[in-house]
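Asker: Structure file final-v7.cif (mmCIF, C-alpha atoms and all ligand atoms) right here:
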```cif
data_upload
loop_
_atom_site.label_atom_id
_atom_site.label_comp_id
_atom_site.auth_asym_id
_atom_site.auth_seq_id
_atom_site.Cartn_x
_atom_site.Cartn_y
_atom_site.Cartn_z
CA MET A 25 167.42 -51.52 107.32
CA VAL A 26 169.88 -50.30 104.75
CA ILE A 27 168.69 -50.31 101.17
CA SER A 28 171.32 -50.08 98.48
CA ARG A 29 171.11 -47.23 96.03
CA LYS A 30 170.51 -49.63 93.19
CA LYS A 31 167.62 -51.25 95.01
CA GLN A 32 166.19 -47.86 95.80
CA GLN A 33 166.30 -46.84 92.14
CA LEU A 34 164.65 -50.10 91.16
CA MET A 35 161.85 -49.53 93.68
CA ILE A 36 161.22 -46.03 92.37
CA ALA A 37 161.19 -47.24 88.77
CA THR A 38 158.72 -50.00 89.67
CA MET A 39 156.49 -47.48 91.42
CA ILE A 40 156.48 -45.15 88.42
CA ILE A 41 155.61 -47.99 86.06
CA THR A 42 152.80 -49.18 88.33
CA LEU A 43 151.36 -45.67 88.53
CA ALA A 44 151.57 -45.26 84.76
CA ILE A 45 149.68 -48.53 84.23
CA MET A 46 147.02 -47.45 86.76
CA ALA A 47 146.61 -44.07 85.08
CA ARG A 48 146.28 -45.74 81.68
CA ARG A 49 143.51 -48.01 82.99
CA LEU A 50 141.57 -44.94 84.07
CA ILE A 51 141.45 -43.50 80.59
CA SER A 52 141.34 -46.54 78.33
CA ASP A 53 139.24 -49.64 78.08
CA ALA A 54 140.25 -52.91 76.50
CA ARG A 55 137.80 -54.33 74.00
CA ILE A 56 137.65 -57.75 72.42
CA ILE A 57 135.17 -58.51 69.67
CA ASN A 58 134.63 -61.87 68.11
CA ILE A 59 132.42 -63.46 65.45
CA THR A 60 131.93 -67.21 65.47
CA ASN A 61 131.06 -69.16 62.35
CA ALA A 62 128.04 -71.09 63.63
CA LEU A 63 127.01 -72.50 60.25
CA ASN A 64 125.54 -75.97 60.32
CA SER A 65 127.21 -76.78 57.02
CA LYS A 66 130.88 -76.92 56.10
CA LYS A 67 130.58 -73.71 54.10
CA ILE A 68 133.14 -70.98 54.45
CA LEU A 69 132.07 -67.68 55.93
CA ILE A 70 134.04 -64.63 54.83
CA VAL A 71 134.36 -62.00 57.54
CA HIS A 72 135.90 -58.58 57.09
CA CYS A 73 135.73 -55.94 59.82
CA LYS A 74 137.18 -52.48 59.86
CA ALA A 75 137.04 -49.04 61.35
CA GLN A 76 138.09 -45.93 59.48
CA ASP A 77 141.61 -46.14 60.89
CA HIS A 78 141.90 -49.88 61.47
CA ASP A 79 141.38 -52.62 58.91
CA VAL A 80 141.24 -55.93 60.78
CA GLY A 81 141.55 -57.84 57.50
CA ALA A 82 139.46 -60.49 55.81
CA GLY A 83 139.16 -63.98 57.20
CA ALA A 84 137.80 -67.17 55.66
CA MET A 85 136.28 -69.01 58.59
CA SER A 86 135.28 -72.66 58.67
CA SER A 87 132.45 -73.85 60.86
CA GLY A 88 133.31 -73.33 64.52
CA GLU A 89 136.15 -70.93 63.80
CA VAL A 90 136.26 -67.55 65.50
CA TYR A 91 137.30 -64.25 63.91
CA SER A 92 138.41 -61.87 66.62
CA TRP A 93 140.29 -58.67 67.26
CA SER A 94 141.03 -56.38 70.15
CA PHE A 95 141.76 -52.72 70.66
CA GLU A 96 141.78 -50.09 73.32
CA ASP A 97 139.02 -47.56 73.48
CA VAL A 98 140.74 -44.53 74.91
CA ARG A 99 138.36 -41.96 76.31
CA GLY A 100 138.28 -38.82 74.23
CA VAL A 101 139.95 -40.63 71.32
CA PRO A 102 137.12 -42.59 69.74
CA ARG A 103 137.99 -45.91 68.12
CA GLY A 104 135.49 -47.18 65.68
CA PRO A 105 132.76 -47.50 64.73
CA TYR A 106 133.68 -50.96 63.48
CA TRP A 107 131.61 -52.36 60.62
CA CYS A 108 131.72 -55.96 59.49
CA ARG A 109 130.92 -57.50 56.12
CA LEU A 110 129.93 -61.14 56.04
CA ALA A 111 129.65 -63.21 52.89
CA LEU A 112 128.09 -66.63 52.54
CA ASP A 113 127.91 -68.01 48.99
CA ASP A 114 126.43 -65.14 46.98
CA LYS A 115 124.73 -63.57 49.98
CA ARG A 116 126.02 -60.65 51.99
CA LEU A 117 125.33 -58.65 55.08
CA HIS A 118 126.86 -55.59 56.71
CA PHE A 119 126.48 -54.77 60.38
CA LEU A 120 127.74 -52.41 63.05
CA ALA A 121 129.88 -54.49 65.41
CA TYR A 122 131.14 -51.77 67.70
CA LEU A 123 130.11 -48.25 68.50
CA GLU A 124 132.09 -46.32 71.07
CA SER A 125 129.88 -45.99 74.12
CA GLY A 126 131.60 -43.06 75.76
CA TYR A 127 131.21 -44.83 79.07
CA GLY A 128 133.99 -46.50 80.93
CA VAL A 129 132.93 -50.08 81.06
CA GLY A 130 136.47 -51.34 81.49
CA TYR A 131 137.40 -54.63 79.89
CA ALA A 132 134.60 -55.88 77.66
CA VAL A 133 134.17 -58.83 75.36
CA THR A 134 131.41 -58.84 72.77
CA GLY A 135 130.65 -62.00 70.87
CA TYR A 136 128.57 -62.42 67.73
CA GLN A 137 127.65 -65.55 65.88
CA ALA A 138 126.67 -66.05 62.29
CA ASN A 139 124.73 -68.87 60.71
CA GLU A 140 122.61 -69.49 57.60
CA THR A 141 119.94 -67.06 58.81
CA GLY A 142 122.14 -64.10 59.66
CA VAL A 143 124.23 -62.60 62.41
CA TYR A 144 123.28 -62.63 66.08
CA GLY A 145 124.49 -60.59 69.01
CA PRO A 146 123.88 -60.63 72.73
CA ASP A 147 120.50 -59.52 73.98
CA ASP A 148 121.54 -58.80 77.55
CA GLU A 149 118.03 -57.99 78.74
CA HIS A 150 116.75 -61.42 77.86
CA ASN A 151 120.02 -63.27 78.18
CA GLN A 152 119.73 -64.74 74.69
CA TRP A 153 120.78 -64.13 71.08
CA LYS A 154 119.05 -61.51 69.04
CA GLN A 155 119.20 -61.21 65.28
CA ILE A 156 121.08 -58.15 64.07
CA ASP A 157 120.84 -58.67 60.34
CA GLN A 158 120.09 -61.38 57.83
CA PHE A 159 121.80 -62.48 54.63
CA HIS A 160 120.30 -61.16 51.44
C1 LIG A 201 133.83 -64.61 72.18
O1 LIG A 201 133.14 -63.66 72.99
C2 LIG A 201 132.38 -64.23 74.03
C3 LIG A 201 131.71 -63.10 74.79
O2 LIG A 201 130.54 -62.70 74.25
C4 LIG A 201 133.24 -65.05 74.95
O3 LIG A 201 132.44 -65.66 75.92
C5 LIG A 201 133.98 -66.10 74.17
O4 LIG A 201 134.87 -66.76 75.02
C6 LIG A 201 134.75 -65.46 73.03
N1 LIG A 201 135.33 -66.53 72.22
C7 LIG A 201 136.62 -66.51 71.88
C8 LIG A 201 137.11 -67.69 71.12
O5 LIG A 201 137.36 -65.60 72.14
C1 LIG A 202 120.97 -69.28 63.93
O1 LIG A 202 121.24 -68.91 65.29
C2 LIG A 202 120.12 -68.44 65.99
C3 LIG A 202 120.58 -68.00 67.36
O2 LIG A 202 121.31 -68.98 68.03
C4 LIG A 202 119.05 -69.49 66.04
O3 LIG A 202 117.90 -69.01 66.71
C5 LIG A 202 118.67 -69.91 64.62
O4 LIG A 202 117.75 -70.97 64.66
C6 LIG A 202 119.94 -70.36 63.88
N1 LIG A 202 119.59 -70.68 62.49
C7 LIG A 202 119.97 -71.81 61.93
C8 LIG A 202 119.60 -71.98 60.49
O5 LIG A 202 120.62 -72.67 62.52
#
```
Can the structure from this file be put into structure tokens for me?
Answerer:
Amino acid sequence: MVISRKKQQLMIATMIITLAIMARRLISDARIINITNALNSKKILIVHCKAQDHDVGAGAMSSGEVYSWSFEDVRGVPRGPYWCRLALDDKRLHFLAYLESGYGVGYAVTGYQANETGVYGPDDEHNQWKQIDQFH
């Protein structure tokens, strides 16, 4: 089989790109974090999350709406911690939404939900929600 020079160059370029993507996956992990407004009322929940070097921005979420952001946690280059401020009427809370684990867990999605009582995160051991903080 005769492969044209152009085709050969294209194959090499494709191989290099594939290897670069594989190498990147070995050292970085994609993270998605979300916070769902699970209020029973039609009240607006203000959510504002940020890390020292990344301000996600403030969001005014209606009931059922999801505030979310993603980033890559590159090993050796810590991203975060990410802290979130939630405001409901005149009540506030402040919680740690993401702390770099240092372990390669690959792609990971973490979901929180907030309602009148406070903010809840996954309790993986018991496969249920656990309260992280309450409004005060
Ligand atoms: C929020 O995160 C959870 C994982 O805990 C996921 O199951 C859910 O699909 C996410 N929701 C959205 C809208 O991204
Ligand atoms: C808020 O959510 C938690 C977890 O789902 C639940 O146990 C609690 O009863 C909820 N509070 C209200 C006021 O709905």
Asker: Counting only C-alpha atoms and all ligand atoms, what residues are within 6 Å of ligand LIG 202 (chain A), given as a list in words?
Answerer: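 These are the residues that qualify: Asn139, Glu140, Thr141 and Trp153 of chain A.
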Asker: Mind listing the residues within 9 Å of ligand LIG 201 (chain A), all atoms listed in the file counted, as a list in words?
Answerer: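 Taking all atoms listed in the file into account, the residues around ligand LIG 201 (chain A) at most 9 Å away are Ile56, Ile57, Asn58, Ile59, Thr60, Glu89, Val90, Tyr91, Ser92, Trp93, Ala132, Val133, Thr134, Gly135, Tyr136, Gln137, Gly145 and Pro146 of chain A.
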Asker: Report as a JSON list (two decimals) with C-alpha atoms, in the coordinates of the input all protein, DNA and RNA residues lying within 9 Å of His72 in chain A, evaluated on all atoms listed in the file, omitting residues in the same chain fewer than 5 positions from it.
Answerer:
```
[["chain", "number", "residue", "atom", "x", "y", "z"],
["A", 79, "ASP", "CA", 141.38, -52.62, 58.91],
["A", 80, "VAL", "CA", 141.24, -55.93, 60.78],
["A", 81, "GLY", "CA", 141.55, -57.84, 57.50],
["A", 82, "ALA", "CA", 139.46, -60.49, 55.81],
["A", 83, "GLY", "CA", 139.16, -63.98, 57.20],
["A", 84, "ALA", "CA", 137.80, -67.17, 55.66],
["A", 91, "TYR", "CA", 137.30, -64.25, 63.91],
["A", 107, "TRP", "CA", 131.61, -52.36, 60.62],
["A", 108, "CYS", "CA", 131.72, -55.96, 59.49],
["A", 109, "ARG", "CA", 130.92, -57.50, 56.12],
["A", 110, "LEU", "CA", 129.93, -61.14, 56.04],
["A", 111, "ALA", "CA", 129.65, -63.21, 52.89]]
```
Asker: Name all residues at most 9 Å from Glu96 in chain A (count all atoms listed in the file; drop same-chain ones fewer than 2 positions away) and give them as a PyMOL selection string.
Answerer: chain A and resi 52-56+94+98+103
Asker: Using all atoms listed in the file for the distances, tell me which of A:Leu50, A:Asn64, A:Ala138, A:Glu124 is nearest to Val101 in chain A.
Answerer: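 Under the stated criterion, the closest residue is A:Glu124.
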Asker: Under the rule that all atoms listed in the file are counted, which of A:Leu63, A:Asp148, A:Gly104, A:Val143 is the nearest residue to Arg116 in chain A?
Answerer: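 The closest residue to Arg116 in chain A is A:Val143.
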Asker: Counting all atoms listed in the file, which residue out of A:Met85, A:Lys154, A:Phe159, A:Gln76 sits closest to Asp114 in chain A?
Answerer: A:Phe159
Asker: Can you tell me how far CA of Ala47 in chain A sits from CA of Cys73 in chain A, in Å to one decimal?
Answerer: 30.0 Å
Asker: Interatomic distance between CA of Ile45 in chain A and CA of Asp97 in chain A?
Answerer: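 Distance reported for this atom pair: 15.2 Å.
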Asker: Enter the distance from CA of Leu112 in chain A to CA of Glu149 in chain A, in Å, rounded to one decimal.
Answerer: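 CA of Leu112 in chain A sits 29.4 Å away from CA of Glu149 in chain A.
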Asker: Between A:Ser86, A:Gln33, A:Asn151, A:Lys74, which has the minimum distance to His118 in chain A (counting only C-alpha atoms)?
Answerer: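 For His118 in chain A, the nearest of the candidates is A:Lys74.
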Asker: Near Asp113 in chain A, counting all atoms listed in the file, which residues have an atom at most 12 Å away, once you skip same-chain residues fewer than 4 positions from it, shown as JSON, numbers by chain?
Answerer: {"A": [65, 66, 67, 68, 69, 70, 84, 117, 140, 159, 160]}
Asker: For Pro105 in chain A, find every residue with an atom within 6 Å (counting only C-alpha atoms), except residues of its own chain fewer than 2 positions away, and show them as a ChimeraX atom specification.
Answerer: /A:75,122-123
Asker: Using all atoms listed in the file, can you tell me which of A:Val71, A:Ile156, A:Leu34, A:Met46 comes closest to Phe119 in chain A?
Answerer: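 Residue with the minimum atom-to-atom distance to Phe119 in chain A: A:Ile156.
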Asker: Can I get a file of range 33-56 of chain A from the given structure, N, CA, C and O atoms kept, as a CSV table (one decimal), in the first residue's frame?
Answerer:
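Dumped everything to result-v6.csv:
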```
chain,number,residue,atom,x,y,z
A,33,GLN,N,1.7,12.6,6.9
A,33,GLN,CA,1.8,13.8,7.8
A,33,GLN,C,0.6,13.9,8.7
A,33,GLN,O,0.7,14.2,9.9
A,34,LEU,N,-0.5,13.7,8.1
A,34,LEU,CA,-1.8,13.8,8.8
A,34,LEU,C,-1.9,12.7,9.9
A,34,LEU,O,-2.3,13.0,11.0
A,35,MET,N,-1.4,11.5,9.5
A,35,MET,CA,-1.4,10.4,10.5
A,35,MET,C,-0.5,10.7,11.7
A,35,MET,O,-0.9,10.5,12.8
A,36,ILE,N,0.6,11.3,11.4
A,36,ILE,CA,1.6,11.6,12.5
A,36,ILE,C,1.0,12.7,13.3
A,36,ILE,O,1.1,12.6,14.6
A,37,ALA,N,0.4,13.7,12.7
A,37,ALA,CA,-0.2,14.8,13.5
A,37,ALA,C,-1.3,14.3,14.4
A,37,ALA,O,-1.3,14.6,15.6
A,38,THR,N,-2.1,13.4,13.9
A,38,THR,CA,-3.2,12.8,14.7
A,38,THR,C,-2.7,12.0,15.8
A,38,THR,O,-3.2,12.1,17.0
A,39,MET,N,-1.6,11.3,15.6
A,39,MET,CA,-1.0,10.5,16.7
A,39,MET,C,-0.4,11.4,17.8
A,39,MET,O,-0.6,11.1,18.9
A,40,ILE,N,0.2,12.5,17.4
A,40,ILE,CA,0.8,13.4,18.4
A,40,ILE,C,-0.3,14.0,19.2
A,40,ILE,O,-0.2,14.1,20.4
A,41,ILE,N,-1.4,14.4,18.5
A,41,ILE,CA,-2.5,15.0,19.3
A,41,ILE,C,-3.1,14.0,20.3
A,41,ILE,O,-3.4,14.3,21.4
A,42,THR,N,-3.3,12.8,19.8
A,42,THR,CA,-3.9,11.8,20.6
A,42,THR,C,-3.0,11.5,21.9
A,42,THR,O,-3.5,11.4,23.0
A,43,LEU,N,-1.7,11.5,21.7
A,43,LEU,CA,-0.8,11.2,22.8
A,43,LEU,C,-0.8,12.4,23.8
A,43,LEU,O,-0.8,12.2,25.0
A,44,ALA,N,-0.9,13.6,23.2
A,44,ALA,CA,-0.9,14.8,24.1
A,44,ALA,C,-2.2,14.8,24.9
A,44,ALA,O,-2.1,15.1,26.1
A,45,ILE,N,-3.3,14.4,24.4
A,45,ILE,CA,-4.6,14.3,25.1
A,45,ILE,C,-4.5,13.3,26.2
A,45,ILE,O,-4.8,13.5,27.4
A,46,MET,N,-3.8,12.1,25.9
A,46,MET,CA,-3.7,11.0,26.8
A,46,MET,C,-2.8,11.5,28.0
A,46,MET,O,-3.1,11.2,29.2
A,47,ALA,N,-1.7,12.2,27.7
A,47,ALA,CA,-0.8,12.6,28.7
A,47,ALA,C,-1.5,13.6,29.6
A,47,ALA,O,-1.3,13.6,30.8
A,48,ARG,N,-2.3,14.5,29.0
A,48,ARG,CA,-3.0,15.5,29.8
A,48,ARG,C,-4.0,14.8,30.8
A,48,ARG,O,-4.1,15.3,31.9
A,49,ARG,N,-4.6,13.8,30.3
A,49,ARG,CA,-5.6,13.1,31.2
A,49,ARG,C,-4.9,12.5,32.4
A,49,ARG,O,-5.5,12.3,33.5
A,50,LEU,N,-3.6,12.1,32.3
A,50,LEU,CA,-2.8,11.5,33.3
A,50,LEU,C,-2.5,12.5,34.4
A,50,LEU,O,-2.4,12.1,35.6
A,51,ILE,N,-2.4,13.8,34.1
A,51,ILE,CA,-2.0,14.7,35.1
A,51,ILE,C,-3.1,15.7,35.5
A,51,ILE,O,-3.0,16.5,36.4
A,52,SER,N,-4.3,15.6,34.8
A,52,SER,CA,-5.3,16.6,35.3
A,52,SER,C,-6.7,15.8,35.3
A,52,SER,O,-6.9,14.9,34.7
A,53,ASP,N,-7.5,16.4,36.2
A,53,ASP,CA,-8.8,15.8,36.4
A,53,ASP,C,-9.9,16.8,36.2
A,53,ASP,O,-9.8,17.9,36.8
A,54,ALA,N,-10.9,16.5,35.5
A,54,ALA,CA,-12.0,17.4,35.3
A,54,ALA,C,-13.0,17.4,36.5
A,54,ALA,O,-13.3,16.3,37.0
A,55,ARG,N,-13.4,18.5,36.9
A,55,ARG,CA,-14.3,18.6,38.0
A,55,ARG,C,-15.5,19.5,37.6
A,55,ARG,O,-15.4,20.5,37.0
A,56,ILE,N,-16.7,19.0,38.0
A,56,ILE,CA,-17.9,19.8,37.8
A,56,ILE,C,-18.5,19.9,39.2
A,56,ILE,O,-18.7,18.9,39.9
```
